[in-house]
Amino acid sequence: MTLARSFFSCLFLAGLTFCTLISCEVAPHQPPVPDAPLADYAVVLPENDVTFEMVGIPGGTFLMGSPSSEGGRSANEGPQREVTISAFWIGKHEVTWDEYDLWSTSPNDVDGVTRPTPAYTDMTFGMGREGYPAICMTQHAATTYCDWLSKITGHTYRLPTEAEWEYACRAGTETAYYFGDDTEKLDEHGWHEGNSEEEYHEVGSLKPNSFGLFDMHGNVAEWTMDQHAKYMPGAKTNPLVVPSTLYPRSVRGGGWSDEPKTLRSAARTASHEDWKDQDPQIPKSIWYHTDADFVGFRVVREWKPGETTP
């Protein structure tokens with residue numbers, strides 16, 4: 001059973017999540033690191049001109065979490081542990097409204113089950129749409145988008161695990177940010193409360209990390225697959241904490257309204273029910289976090305044996 005399939009076995013009813021799996025550390029089925037690097041590639045979605053790019057990430061081992069000496073550190077970032085990650089592809093950018101709207105606002109099959117019900121307001125909140133990151137979706141909405149993307153492309157897309165996300169963000173570094181520890185350089189790499197002018201920005205506007213990934217620090221925080229839970233010590237391979245409750249789930253990277261410490265590679269944010277405070281629906285929507293205008297996501301594609309090219 002793949003990561004995507006086990007995660008999507010959850011049933012959503014009246015805004016609550018009931019999972020067929022318990023919350024635990026599990027190792028996905030992914031095979032060892034391939035001999036050859038994965039090629040980057042671009043996808044043009046069928047019947048339109050919307051394109052997204054995927055970056056091949058080589059497998060490897062890294063220290064997940066932050067040391068106790070790191071400035072701005074929270075207790076939920078430790079203890080540090082050695083984690084081995086298999087190769088995968090990850091989105092070069094955060095998913096944009098251009099991509100997301102193809103699914104979420106399509107006039108076809110809007111049934112409230114496989115696609116969202118209509119939003120109660122403009123979920124960009126006037127910050128921009130074309131070329132800007134999609135926001136305000138629940139983790140359920142993000143994973144259902146991945147289901148749709150998998151169906152139309154013929155490849156399995158999903159959210160990254162927390163471990164995959166941090167591994168991709170760090171790109172081989174062990175510092176607070178992928179560019180080092182000096183927050184004076186943050187403005188060159190990430191949108192945060194000090195430079196964003198209180199809004200998100202077009203994806204890819206600042207410098208990428210050494211893997212070629214943009215906006216891993218800031219712009220919008222990004223959903224992962226995991227339940228937000230305490231780290232367990234010891235080495236792990238492709239770890240995932242399978243969600244068993246609706247809250248909290250793990251969000252990474254920090255966003256345009258966050259202070260610099262929240263943008264660090266190891267920083268973790270826990271979702272909360274107050275992200276739906278302004279939702280006028282009864283019961284609250286399973287699709288929208290009306291108060292999370294700082295949360296978006298990027299997608300991952302799993303590597304399978306024999307695959308070295310798209």
# chains A, B, ... in the order shown; residues from 1 in each chain; ligands from 1
>>> closest_atom_pairs(of="segment 82-104 of chain A", to="segment 124-147 of chain A", cutoff="9 Å", atoms="only C-alpha atoms", output="Markdown table")
| residue | atom | partner | partner_atom | distance |
| --- | --- | --- | --- | --- |
| A:His93 | CA | A:Pro133 | CA | 8.5 |
| A:Glu94 | CA | A:Pro133 | CA | 5.9 |
| A:Val95 | CA | A:Pro133 | CA | 5.7 |
| A:Thr96 | CA | A:Pro133 | CA | 4.1 |
| A:Trp97 | CA | A:Ala134 | CA | 4.6 |
| A:Asp98 | CA | A:Glu130 | CA | 5.8 |
| A:Glu99 | CA | A:Ala134 | CA | 8.5 |
| A:Tyr100 | CA | A:Ala134 | CA | 6.6 |
| A:Asp101 | CA | A:Ala134 | CA | 8.6 |
| A:Trp103 | CA | A:Tyr145 | CA | 6.8 |
| A:Ser104 | CA | A:Tyr145 | CA | 7.9 |
>>> write_last_selection(atoms="C-alpha atoms", output="compact mmCIF listing (two decimals), in the first residue's frame")
# COMPACT_ATOMS: atom_id res chain seq x y z
CA HIS A 93 7.26 26.01 -6.56
CA GLU A 94 4.27 26.04 -4.28
CA VAL A 95 1.03 25.06 -6.04
CA THR A 96 -0.37 28.21 -7.65
CA TRP A 97 -3.95 29.32 -8.08
CA ASP A 98 -3.49 28.69 -11.83
CA GLU A 99 -3.03 24.97 -11.04
CA TYR A 100 -5.41 24.72 -8.10
CA ASP A 101 -8.35 26.47 -9.79
CA TRP A 103 -9.61 21.44 -9.90
CA SER A 104 -11.31 23.54 -7.25
>>> closest_residue(among="A:Ala168, A:Leu246, A:Lys92, A:Thr156", to="Gly59 of chain A", atoms="only C-alpha atoms")
A:Ala168
>>> select_by_dssp(residues="segment 127-162 of chain A", states="alpha helix (DSSP H)", output="VMD selection string")
chain A and resid 139 to 153 162
